[in-house]
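A.B. asks: I am sharing structure_2.json, which consists of JSON, C-alpha atoms:
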```json
[["chain", "number", "residue", "atom", "x", "y", "z"],
["A", 1, "MET", "CA", -149.96, -56.80, -114.10],
["A", 2, "THR", "CA", -148.98, -60.20, -115.50],
["A", 3, "ILE", "CA", -145.41, -60.59, -116.72],
["A", 4, "ALA", "CA", -144.74, -62.91, -119.64],
["A", 5, "THR", "CA", -143.01, -66.21, -118.89],
["A", 6, "LEU", "CA", -139.56, -66.24, -120.49],
["A", 7, "LYS", "CA", -137.61, -69.24, -121.70],
["A", 8, "ARG", "CA", -135.49, -68.55, -124.76],
["A", 9, "THR", "CA", -132.97, -65.90, -125.76],
["A", 10, "ARG", "CA", -134.64, -62.59, -126.59],
["A", 11, "ILE", "CA", -133.29, -59.87, -128.88],
["A", 12, "LEU", "CA", -134.64, -56.30, -128.86],
["A", 13, "PRO", "CA", -133.72, -55.24, -132.43],
["A", 14, "THR", "CA", -135.58, -51.93, -132.67],
["A", 15, "ASN", "CA", -135.38, -49.17, -130.06],
["A", 16, "HIS", "CA", -138.14, -46.74, -130.97],
["A", 17, "THR", "CA", -136.76, -44.13, -128.56],
["A", 18, "LEU", "CA", -133.90, -43.45, -130.96],
["A", 19, "GLN", "CA", -136.37, -42.12, -133.55],
["A", 20, "ALA", "CA", -138.54, -40.28, -131.02],
["A", 21, "VAL", "CA", -140.07, -36.96, -132.01],
["A", 22, "SER", "CA", -139.14, -35.51, -128.61],
["A", 23, "ALA", "CA", -137.67, -36.46, -125.24],
["A", 24, "THR", "CA", -137.82, -34.23, -122.18],
["A", 25, "CYS", "CA", -136.83, -34.66, -118.55],
["A", 26, "ALA", "CA", -137.93, -33.36, -115.15],
["A", 27, "PRO", "CA", -136.41, -31.94, -113.08],
["A", 28, "ALA", "CA", -134.26, -29.93, -115.48],
["A", 29, "PRO", "CA", -131.19, -32.02, -116.37],
["A", 30, "LEU", "CA", -127.67, -30.90, -115.53],
["A", 31, "SER", "CA", -125.86, -28.87, -118.18],
["A", 32, "GLY", "CA", -124.80, -31.11, -121.07],
["A", 33, "TYR", "CA", -126.96, -34.02, -119.85],
["A", 34, "ASP", "CA", -130.23, -33.34, -121.68],
["A", 35, "ALA", "CA", -132.87, -35.99, -122.36],
["A", 36, "ALA", "CA", -132.11, -35.63, -126.08],
["A", 37, "ASN", "CA", -128.90, -37.56, -125.34],
["A", 38, "LEU", "CA", -131.05, -40.68, -124.97],
["A", 39, "LYS", "CA", -131.48, -40.66, -128.75],
["A", 40, "ASN", "CA", -127.77, -41.42, -129.11],
["A", 41, "PRO", "CA", -127.26, -45.22, -129.38],
["A", 42, "ALA", "CA", -123.53, -45.04, -128.57],
["A", 43, "ARG", "CA", -124.08, -44.97, -124.78],
["A", 44, "THR", "CA", -121.48, -42.21, -124.37],
["A", 45, "LYS", "CA", -123.98, -39.40, -123.73],
["A", 46, "LEU", "CA", -126.05, -39.34, -120.58],
["A", 47, "CYS", "CA", -129.24, -37.87, -119.22],
["A", 48, "LYS", "CA", -128.58, -36.83, -115.62],
["A", 49, "VAL", "CA", -130.49, -34.96, -112.92],
["A", 50, "ALA", "CA", -129.81, -33.90, -109.36],
["A", 51, "GLY", "CA", -132.43, -35.27, -106.99],
["A", 52, "THR", "CA", -134.22, -38.48, -106.11],
["A", 53, "THR", "CA", -136.66, -38.71, -109.05],
["A", 54, "MET", "CA", -136.20, -38.56, -112.82],
["A", 55, "THR", "CA", -139.28, -38.32, -115.04],
["A", 56, "LEU", "CA", -138.87, -38.77, -118.79],
["A", 57, "ASN", "CA", -141.56, -37.85, -121.30],
["A", 58, "ILE", "CA", -141.07, -39.42, -124.71],
["A", 59, "ARG", "CA", -143.14, -38.91, -127.83],
["A", 60, "LEU", "CA", -142.50, -41.69, -130.31],
["A", 61, "ASN", "CA", -142.59, -41.31, -134.06],
["A", 62, "GLY", "CA", -146.05, -42.64, -134.79],
["A", 63, "VAL", "CA", -147.58, -45.52, -132.82],
["A", 64, "PRO", "CA", -145.06, -48.37, -133.03],
["A", 65, "SER", "CA", -145.47, -51.71, -131.29],
["A", 66, "VAL", "CA", -143.54, -51.80, -128.01],
["A", 67, "ALA", "CA", -142.92, -55.12, -126.26],
["A", 68, "ALA", "CA", -140.28, -54.19, -123.67],
["A", 69, "LEU", "CA", -138.78, -51.36, -121.65],
["A", 70, "ALA", "CA", -135.00, -51.41, -121.26],
["A", 71, "VAL", "CA", -132.63, -49.12, -119.33],
["A", 72, "CYS", "CA", -128.85, -49.07, -119.00],
["A", 73, "GLY", "CA", -126.33, -46.62, -117.62],
["A", 74, "GLY", "CA", -123.15, -45.12, -118.94],
["A", 75, "GLU", "CA", -121.05, -43.93, -116.02],
["A", 76, "PRO", "CA", -118.08, -45.97, -114.77],
["A", 77, "MET", "CA", -118.11, -46.52, -111.01],
["A", 78, "ARG", "CA", -121.84, -45.71, -110.74],
["A", 79, "GLY", "CA", -123.32, -48.95, -112.04],
["A", 80, "ILE", "CA", -126.54, -48.25, -113.87],
["A", 81, "GLY", "CA", -126.76, -44.69, -112.55],
["A", 82, "TYR", "CA", -128.93, -45.20, -109.47],
["A", 83, "SER", "CA", -128.82, -47.25, -106.27],
["A", 84, "VAL", "CA", -130.05, -50.75, -105.44],
["A", 85, "ASN", "CA", -133.12, -49.21, -103.82],
["A", 86, "ALA", "CA", -134.41, -47.55, -106.99],
["A", 87, "THR", "CA", -137.70, -48.35, -108.71],
["A", 88, "ILE", "CA", -138.84, -47.88, -112.32],
["A", 89, "ARG", "CA", -142.35, -47.26, -113.61],
["A", 90, "ALA", "CA", -143.65, -46.58, -117.10],
["A", 91, "TRP", "CA", -146.93, -45.36, -118.58],
["A", 92, "GLY", "CA", -148.17, -45.45, -122.17],
["A", 93, "ASN", "CA", -150.92, -43.15, -123.42],
["A", 94, "ASP", "CA", -152.70, -41.75, -126.46],
["A", 95, "VAL", "CA", -152.25, -38.17, -125.23],
["A", 96, "ALA", "CA", -149.36, -36.36, -123.56],
["A", 97, "ALA", "CA", -151.06, -34.58, -120.67],
["A", 98, "ASP", "CA", -153.31, -37.03, -118.82],
["A", 99, "TRP", "CA", -150.96, -39.49, -117.09],
["A", 100, "THR", "CA", -153.36, -40.06, -114.19],
["A", 101, "ASN", "CA", -155.65, -41.89, -116.62],
["A", 102, "ALA", "CA", -152.94, -43.46, -118.78],
["A", 103, "LYS", "CA", -154.02, -46.42, -120.87],
["A", 104, "TYR", "CA", -151.03, -48.56, -119.78],
["A", 105, "ASP", "CA", -149.19, -48.65, -116.46],
["A", 106, "THR", "CA", -146.43, -51.11, -115.56],
["A", 107, "GLY", "CA", -146.70, -50.35, -111.86],
["A", 108, "GLU", "CA", -143.63, -49.69, -109.75],
["A", 109, "ILE", "CA", -140.89, -52.23, -110.48],
["A", 110, "PRO", "CA", -137.70, -52.76, -108.42],
["A", 111, "ALA", "CA", -134.71, -51.74, -110.54],
["A", 112, "TYR", "CA", -132.76, -54.44, -108.73],
["A", 113, "PRO", "CA", -134.68, -57.35, -107.20],
["A", 114, "PRO", "CA", -133.57, -57.78, -103.58],
["A", 115, "ALA", "CA", -130.86, -60.33, -102.89],
["A", 116, "GLY", "CA", -128.64, -61.20, -99.97],
["A", 117, "SER", "CA", -125.55, -61.97, -101.99],
["A", 118, "PHE", "CA", -124.29, -62.22, -105.55],
["A", 119, "GLY", "CA", -125.88, -65.15, -107.32],
["A", 120, "ALA", "CA", -128.99, -65.20, -105.14],
["A", 121, "GLY", "CA", -132.36, -63.90, -106.28],
["A", 122, "LEU", "CA", -130.97, -61.99, -109.22],
["A", 123, "PHE", "CA", -134.14, -62.32, -111.26],
["A", 124, "GLY", "CA", -137.33, -60.83, -109.82],
["A", 125, "ASP", "CA", -140.92, -61.64, -110.68],
["A", 126, "ASN", "CA", -141.33, -58.39, -112.59],
["A", 127, "ALA", "CA", -138.04, -57.52, -114.22],
["A", 128, "MET", "CA", -134.50, -58.53, -114.92],
["A", 129, "GLY", "CA", -131.62, -57.01, -113.01],
["A", 130, "GLY", "CA", -129.00, -58.00, -110.49],
["A", 131, "TYR", "CA", -128.24, -57.05, -106.92],
["A", 132, "ILE", "CA", -125.36, -54.59, -106.97],
["A", 133, "SER", "CA", -123.55, -53.81, -103.74],
["A", 134, "PRO", "CA", -122.60, -50.20, -102.82],
["A", 135, "SER", "CA", -119.02, -51.08, -103.78],
["A", 136, "THR", "CA", -119.98, -51.69, -107.40],
["A", 137, "SER", "CA", -116.86, -52.22, -109.48],
["A", 138, "ARG", "CA", -116.35, -50.15, -112.62],
["A", 139, "TRP", "CA", -116.75, -53.37, -114.61],
["A", 140, "TRP", "CA", -120.35, -53.84, -113.59],
["A", 141, "ARG", "CA", -122.97, -52.01, -115.64],
["A", 142, "PRO", "CA", -126.22, -53.95, -115.37],
["A", 143, "VAL", "CA", -129.10, -53.75, -117.81],
["A", 144, "PHE", "CA", -132.75, -53.55, -116.75],
["A", 145, "ILE", "CA", -135.36, -55.08, -119.06],
["A", 146, "LEU", "CA", -139.07, -55.37, -118.43],
["A", 147, "PHE", "CA", -140.87, -57.56, -120.98],
["A", 148, "PHE", "CA", -144.53, -56.71, -121.34],
["A", 149, "ALA", "CA", -147.07, -59.53, -121.28],
["A", 150, "GLU", "CA", -148.73, -57.97, -124.33],
["A", 151, "VAL", "CA", -147.42, -55.64, -127.03],
["A", 152, "GLN", "CA", -148.36, -52.00, -126.37],
["A", 153, "ALA", "CA", -148.90, -49.33, -129.05],
["A", 154, "TYR", "CA", -148.90, -45.75, -127.79],
["A", 155, "GLU", "CA", -147.37, -42.54, -129.08],
["A", 156, "TYR", "CA", -146.68, -41.03, -125.66],
["A", 157, "TRP", "CA", -144.66, -42.63, -122.87],
["A", 158, "GLN", "CA", -143.63, -41.49, -119.42],
["A", 159, "ILE", "CA", -140.84, -43.28, -117.54],
["A", 160, "GLN", "CA", -140.06, -42.50, -113.92],
["A", 161, "ILE", "CA", -137.07, -43.58, -111.84],
["A", 162, "ASN", "CA", -137.32, -43.07, -108.07],
["A", 163, "ASP", "CA", -134.23, -43.38, -105.91],
["A", 164, "PRO", "CA", -134.85, -41.80, -102.49],
["A", 165, "LEU", "CA", -131.87, -43.54, -100.89],
["A", 166, "GLY", "CA", -129.33, -42.89, -103.65],
["A", 167, "ASP", "CA", -126.43, -40.45, -103.86],
["A", 168, "GLY", "CA", -128.54, -37.48, -104.93],
["A", 169, "TYR", "CA", -128.12, -38.02, -108.68],
["A", 170, "ILE", "CA", -129.83, -40.21, -111.28],
["A", 171, "SER", "CA", -128.20, -40.85, -114.65],
["A", 172, "ILE", "CA", -129.00, -43.14, -117.56],
["A", 173, "GLY", "CA", -127.34, -43.77, -120.91],
["A", 174, "ILE", "CA", -129.97, -45.62, -122.91],
["A", 175, "VAL", "CA", -133.73, -45.97, -122.57],
["A", 176, "GLY", "CA", -135.33, -48.48, -124.89],
["A", 177, "LEU", "CA", -138.98, -48.79, -125.88],
["A", 178, "CYS", "CA", -138.32, -51.84, -127.99],
["A", 179, "SER", "CA", -139.61, -54.59, -130.21],
["A", 180, "VAL", "CA", -138.76, -58.15, -129.14],
["A", 181, "VAL", "CA", -137.72, -61.24, -131.11],
["A", 182, "GLU", "CA", -137.58, -64.53, -129.22],
["A", 183, "LEU", "CA", -135.41, -67.23, -130.77],
["A", 184, "ALA", "CA", -137.03, -70.49, -131.82],
["A", 185, "ARG", "CA", -134.18, -72.36, -130.09],
["A", 186, "ASN", "CA", -132.18, -71.33, -127.06],
["A", 187, "ILE", "CA", -128.41, -71.03, -126.85],
["A", 188, "THR", "CA", -126.55, -74.14, -125.78],
["A", 189, "ASP", "CA", -124.44, -74.58, -122.67],
["A", 190, "GLY", "CA", -120.83, -73.50, -122.98],
["A", 191, "TRP", "CA", -121.26, -69.78, -123.69],
["A", 192, "SER", "CA", -118.33, -67.48, -122.96],
["A", 193, "HIS", "CA", -118.21, -64.06, -121.26],
["A", 194, "THR", "CA", -114.91, -62.20, -121.71],
["A", 195, "PRO", "CA", -113.98, -58.81, -120.18],
["A", 196, "VAL", "CA", -111.96, -56.41, -122.36],
["A", 197, "ASP", "CA", -109.96, -53.39, -121.17],
["A", 198, "THR", "CA", -108.42, -50.99, -123.69],
["A", 199, "THR", "CA", -106.52, -49.00, -121.06],
["A", 200, "GLN", "CA", -102.88, -48.52, -122.10],
["A", 201, "ALA", "CA", -100.10, -48.61, -119.50],
["A", 202, "GLU", "CA", -96.57, -47.25, -119.73],
["A", 203, "ARG", "CA", -94.16, -49.24, -117.62],
["A", 204, "THR", "CA", -90.91, -48.36, -115.95],
["A", 205, "THR", "CA", -87.69, -50.23, -116.71],
["A", 206, "GLY", "CA", -88.40, -52.28, -113.60],
["A", 207, "GLY", "CA", -91.77, -53.39, -114.93],
["A", 208, "GLY", "CA", -93.96, -51.21, -112.74],
["A", 209, "ILE", "CA", -96.78, -49.10, -114.17],
["A", 210, "LYS", "CA", -95.63, -45.51, -114.64],
["A", 211, "THR", "CA", -98.63, -43.92, -116.32],
["A", 212, "THR", "CA", -101.88, -45.09, -117.86],
["A", 213, "ARG", "CA", -103.99, -43.82, -120.72],
["A", 214, "PRO", "CA", -107.66, -44.40, -119.84],
["A", 215, "GLY", "CA", -109.52, -46.68, -122.20],
["A", 216, "VAL", "CA", -112.93, -48.33, -122.14],
["A", 217, "ARG", "CA", -114.06, -51.52, -120.48],
["A", 218, "TYR", "CA", -116.67, -53.85, -121.89],
["A", 219, "VAL", "CA", -117.46, -57.54, -122.29],
["A", 220, "GLU", "CA", -117.77, -59.84, -125.28],
["A", 221, "MET", "CA", -120.15, -62.77, -125.14],
["A", 222, "SER", "CA", -120.27, -65.74, -127.52],
["A", 223, "ALA", "CA", -122.84, -68.50, -127.65],
["A", 224, "ASN", "CA", -123.96, -71.29, -129.99],
["A", 225, "VAL", "CA", -127.43, -72.14, -131.25],
["A", 226, "LYS", "CA", -128.13, -75.62, -132.62],
["A", 227, "GLY", "CA", -131.01, -77.17, -134.50],
["A", 228, "TYR", "CA", -132.60, -73.90, -135.62],
["A", 229, "PRO", "CA", -135.51, -74.48, -138.05],
["A", 230, "THR", "CA", -134.83, -73.25, -141.58],
["A", 231, "ALA", "CA", -138.30, -71.69, -141.81],
["A", 232, "GLU", "CA", -137.37, -69.44, -138.87],
["A", 233, "MET", "CA", -133.77, -68.93, -139.97],
["A", 234, "TRP", "CA", -134.51, -66.70, -142.93],
["A", 235, "SER", "CA", -136.47, -64.14, -140.92],
["A", 236, "LEU", "CA", -133.73, -64.16, -138.29],
["A", 237, "SER", "CA", -131.08, -63.68, -140.96],
["A", 238, "HIS", "CA", -133.04, -60.73, -142.34],
["A", 239, "MET", "CA", -133.12, -59.14, -138.88],
["A", 240, "PHE", "CA", -129.33, -59.41, -138.63],
["A", 241, "MET", "CA", -128.93, -57.90, -142.09],
["A", 242, "ILE", "CA", -130.95, -54.88, -140.95],
["A", 243, "LEU", "CA", -128.99, -54.54, -137.70],
["A", 244, "GLY", "CA", -125.61, -54.96, -139.36],
["A", 245, "GLU", "CA", -122.55, -55.00, -137.11],
["A", 246, "THR", "CA", -122.67, -51.38, -135.97],
["A", 247, "THR", "CA", -126.20, -50.96, -134.58],
["A", 248, "PRO", "CA", -126.36, -51.84, -130.88],
["A", 249, "CYS", "CA", -129.37, -53.56, -129.35],
["A", 250, "PHE", "CA", -130.44, -55.12, -126.06],
["A", 251, "VAL", "CA", -130.08, -58.91, -125.73],
["A", 252, "ALA", "CA", -131.21, -61.23, -122.94],
["A", 253, "PHE", "CA", -129.39, -64.50, -123.56],
["A", 254, "HIS", "CA", -130.76, -66.16, -120.39],
["A", 255, "PRO", "CA", -133.87, -64.14, -119.52],
["A", 256, "ASP", "CA", -135.19, -66.46, -116.79],
["A", 257, "ASP", "CA", -131.95, -67.83, -115.34],
["A", 258, "GLU", "CA", -131.58, -66.37, -111.84],
["A", 259, "VAL", "CA", -127.82, -66.89, -111.68],
["A", 260, "ASN", "CA", -126.79, -66.03, -115.23],
["A", 261, "SER", "CA", -129.19, -63.29, -116.36],
["A", 262, "PRO", "CA", -127.16, -60.40, -114.88],
["A", 263, "TRP", "CA", -124.09, -61.61, -116.79],
["A", 264, "THR", "CA", -125.87, -62.35, -120.03],
["A", 265, "THR", "CA", -128.29, -59.42, -120.35],
["A", 266, "LEU", "CA", -126.32, -56.86, -122.37],
["A", 267, "TYR", "CA", -126.45, -53.89, -124.71],
["A", 268, "GLY", "CA", -124.15, -54.02, -127.71],
["A", 269, "THR", "CA", -123.63, -55.02, -131.32],
["A", 270, "LEU", "CA", -124.76, -58.52, -132.22],
["A", 271, "LYS", "CA", -123.89, -60.74, -135.16],
["A", 272, "TYR", "CA", -124.29, -64.35, -136.20],
["A", 273, "SER", "CA", -121.69, -66.43, -138.02],
["A", 274, "GLY", "CA", -120.69, -69.96, -138.95],
["A", 275, "LEU", "CA", -124.09, -70.98, -140.29],
["A", 276, "THR", "CA", -124.11, -74.70, -141.10],
["A", 277, "ARG", "CA", -126.86, -77.22, -141.81],
["A", 278, "PRO", "CA", -125.92, -80.55, -140.23],
["A", 279, "ALA", "CA", -129.43, -81.95, -140.71],
["A", 280, "ASN", "CA", -132.26, -81.36, -143.14],
["A", 281, "ASN", "CA", -133.99, -78.06, -142.34],
["A", 282, "LEU", "CA", -132.01, -77.61, -139.10],
["A", 283, "ASN", "CA", -129.23, -75.05, -138.74],
["A", 284, "ASP", "CA", -126.35, -74.35, -136.35],
["A", 285, "PHE", "CA", -124.77, -70.93, -135.90],
["A", 286, "ALA", "CA", -122.88, -68.76, -133.41],
["A", 287, "LEU", "CA", -123.96, -65.49, -131.80],
["A", 288, "THR", "CA", -121.39, -62.91, -130.73],
["A", 289, "LEU", "CA", -122.21, -59.74, -128.80],
["A", 290, "LYS", "CA", -119.73, -56.93, -128.19],
["A", 291, "GLU", "CA", -120.98, -54.73, -125.38],
["A", 292, "GLN", "CA", -121.31, -51.06, -126.27],
["A", 293, "PRO", "CA", -118.64, -49.34, -124.15],
["A", 294, "THR", "CA", -119.52, -46.55, -121.75],
["A", 295, "LEU", "CA", -117.51, -43.43, -121.10],
["A", 296, "PRO", "CA", -113.75, -44.02, -120.62],
["A", 297, "ALA", "CA", -112.91, -45.15, -117.11],
["A", 298, "SER", "CA", -111.00, -42.66, -115.02]]
```
Using structure tokens, write down the structure from this file.
C.D. replies:
Amino acid sequence: MTIATLKRTRILPTNHTLQAVSATCAPAPLSGYDAANLKNPARTKLCKVAGTTMTLNIRLNGVPSVAALAVCGGEPMRGIGYSVNATIRAWGNDVAADWTNAKYDTGEIPAYPPAGSFGAGLFGDNAMGGYISPSTSRWWRPVFILFFAEVQAYEYWQIQINDPLGDGYISIGIVGLCSVVELARNITDGWSHTPVDTTQAERTTGGGIKTTRPGVRYVEMSANVKGYPTAEMWSLSHMFMILGETTPCFVAFHPDDEVNSPWTTLYGTLKYSGLTRPANNLNDFALTLKEQPTLPAS
């Protein structure tokens, strides 16, 4: 399978999984962790199974155009919800039963491309994702995105995660079968990536921490775009009007940057602001993404 060459920031504005007719999981999910939770965009409900393989069967509402598969987790301290050895594979088909002869097959893709250390080899030939050590910090919740070389249109999808060397559980917070919008201009250098922690601490008279009230941890990313053509600006502005400031989406700010893609591939609410026109038919504006928080950290 040929993977599309990526250069500019890509936004995944529509996740068709959220409007799916049905979503089921094998083996049977743990109590309270049903596959129907994947239709919740808030990232606070999980689908979780015991075992080394999770197979999701999703029936979309109609036959929408799908240009990317995206996966992210929702459990603090467990990264994306499976180990660095995991693989992901997806099939698209016109019927639900015959997956052996599915019309579309991504092949088995490493969930995390192999790397010897942080900052090395973080972007694989087939997908985006970063190497995460076994001592993953509760800050780190990577996002996996596989951009298809061609748009696919199928009603039935099967997604399988294999993790034979994991901890005996597989959990995910969001699965996206998404549309893709690639910006006409890329973000400029000088973007910012800021961690936020809403945990509240009660201190003793001596200044030490006495008790804490668990909060959520997430990141905010800001970037600037310059020289955006006016002809393209109006359609982009319309997309942001539809998204609003409360609908989360996947964003790959640096989709083919080996060092930066794990830091700048996020799931959250996105807005643009500060639109100016310093030159005829060219526009400058800022993009701000607030990562959708996961479950409160313990």
A.B. asks: Which one of A:Ile159, A:Asp105, A:Pro293, A:Thr14 sits closest to A:Thr198 if you count all atoms listed in the file?
C.D. replies: A:Pro293
A.B. asks: Please determine, counting only C-alpha atoms, which residue among A:Arg217, A:Lys226, A:Arg203, A:Arg59 has the shortest atom-to-atom distance to A:Ile187.
C.D. replies: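 Of all the options, A:Lys226 lies closest to A:Ile187.
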A.B. asks: So the first atom is atom CA of A:Val181 and the second is atom CA of A:Leu236; what is the distance between them in Å, to one decimal place?
C.D. replies: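 Atom-to-atom, atom CA of A:Val181 and atom CA of A:Leu236 are spaced 8.7 Å apart.
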A.B. asks: Restricting the calculation to all atoms listed in the file: of A:Ala36, A:Leu183, A:Ile109, A:Leu266, which residue gets closest to A:Lys48?
C.D. replies: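 With all atoms listed in the file as the atom set, the closest residue is A:Ala36.
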A.B. asks: Measuring atom to atom with all atoms listed in the file, identify which of A:Tyr156, A:Phe250, A:Phe285, A:Trp99 is nearest to A:Gly227.
C.D. replies: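 The answer is A:Phe285, which sits nearest to A:Gly227.
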